[in-house]
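**Student:** So that we are looking at the same thing, I have put the structure below in structure tokens.
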Amino acid sequence: MLDTIRDLEQEALAALDGAADADAVHAVVSGLLGKKGRLQGVLRQIGTLPKDERAEVGRLANVAKRAVEEAARKRLDAFQAAREADLGETEWVDATLPGACRGGGSFHPISQMCREVEDIFLGMGFDLADGPWVEDEWHNFDALNIPADHPARDLQDTFWMEDSNVLRTHTSPVQLRVMKAGRLPIRVVCIGRVFRNEATDATHEHTFHQVEGLLVDREVSVAHMLYVMRSLLQELFGKDIEVRLRPAYFPFVEPGFEMDMRWRGAWLELVGCGLVHPNVLRAGGIEPDVYSGFAFGFGIDRLVMLRYGLDDIRHFMGGDLRFLRQFTRGVEL
Ligand code: FA5
């Protein structure tokens, strides 16, 4: 039995010498010393020996066990040291490589223009105002000097709700909401979605975006309005932009104008504007003999078309990512 133990020890030491990796080392150790290991198998037969031989067998088994454990530890240390020495070669990271980039989103071109216009007006000291998309008839029409039997109602094709509310056809009802809030003087812009029951074509959408401006104070004149409108267009299209005012009819302003801008040799109709009609001031709870004001409204979508030379307004709501991906400037969120 003593020889068997010595043989097992030598065999295990040789196997450890030849072990290719840490797993092989663990396999040798458990094959010899584990509960079902070969040394345990030998020791289980110790009871069959004469008593005076048993102590020597036990001692030798311990010696063999320690020798194998010591050799295994040394092999494992050697593997670990080799792995650490290789680390610089096998597991290095190039910190200068560009990272894997997730495709970032960007703002819709309409939203980009809305933000730009918003910034310009905030810079001129205007506040932002807003109102609901589902509007009542009074705010959308009556209070704007467009009574039910007035032909001006036909100027805007309207989506009517079953309860006689409407999807707002323009941002002008926000004028009334601001006036009724009761704080004077007023200097606000509202930028938002509007809806018209249009037969759509390249320049007409059923859902588009308008900017509404309202300034109410004492002794406000067309000159103030002209200054603000011209400043806006100069900021958007450049300092040497040429504009003109033409008389136009909107029931909620008097006098009313269209402002045109000269663009590539032609006059483009851009902004509806005028001095707020006394009836509208009254509907908003403002005394027209004391206060006056100007209001203006224009479409954002057609401005964006102009800027990028787009030929069809329906691209904006079309949801085609190939179209939208062309407008990735101004992506900072
Ligand atoms: C109005 O909506 C007035 N509320 C504007 C206004 C405000 C005038 C304050 C005076 C004082 P109008 O219906 O013209 O006006 O529309 C204004 C702008 O909205 C147009 O110049 C155009 O740029 C845009 N627009 C109108 N209909 C459509 C449409 N179907 N699709 C895209 N843009 C449109």
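In the structure tokens, chains take letters A, B, ... by order of appearance, with residues numbered from 1 within each chain and ligands from 1 in the order shown.
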Any chance you could list, as a PyMOL selection string, the residues in stretch 124-322 of chain A that come up helix (DSSP H, G or I) when DSSP is run on the backbone?
**Tutor:** chain A and resi 137-140+142-144+151-155+173-181+222-237+278-283+300-308+315-318+321-322
**Student:** So that I can see what lies close to A:Leu270, please list as a PyMOL selection string the residues with an atom at most 12 Å from it, counting only C-alpha atoms and leaving out residues fewer than 2 positions away in the same chain.
**Tutor:** chain A and resi 210-211+229-230+232-233+243-246+257-263+267-268+272-273+296-304+306
**Student:** Name the residues in contact with stretch 281-287 of chain A at a cut-off of 6 Å, using only C-alpha atoms, excluding same-chain residues fewer than 3 positions from it; report them as a ChimeraX atom specification.
**Tutor:** /A:143,176,179-180,278,290
**Student:** Go ahead and compute the interatomic distance for atom 7 (C, counted along the ligand's line) of ligand 1 and atom CA of A:Glu212, in Å to one decimal.
**Tutor:** 6.0 Å
**Student:** Within 9 Å of ligand 1 (counting only C-alpha atoms and all ligand atoms), which residues show up? I'd like them as number ranges by chain.
**Tutor:** A: 155-157, 169-173, 175, 194-214, 248-253, 256-258, 269-276, 294-303, 313
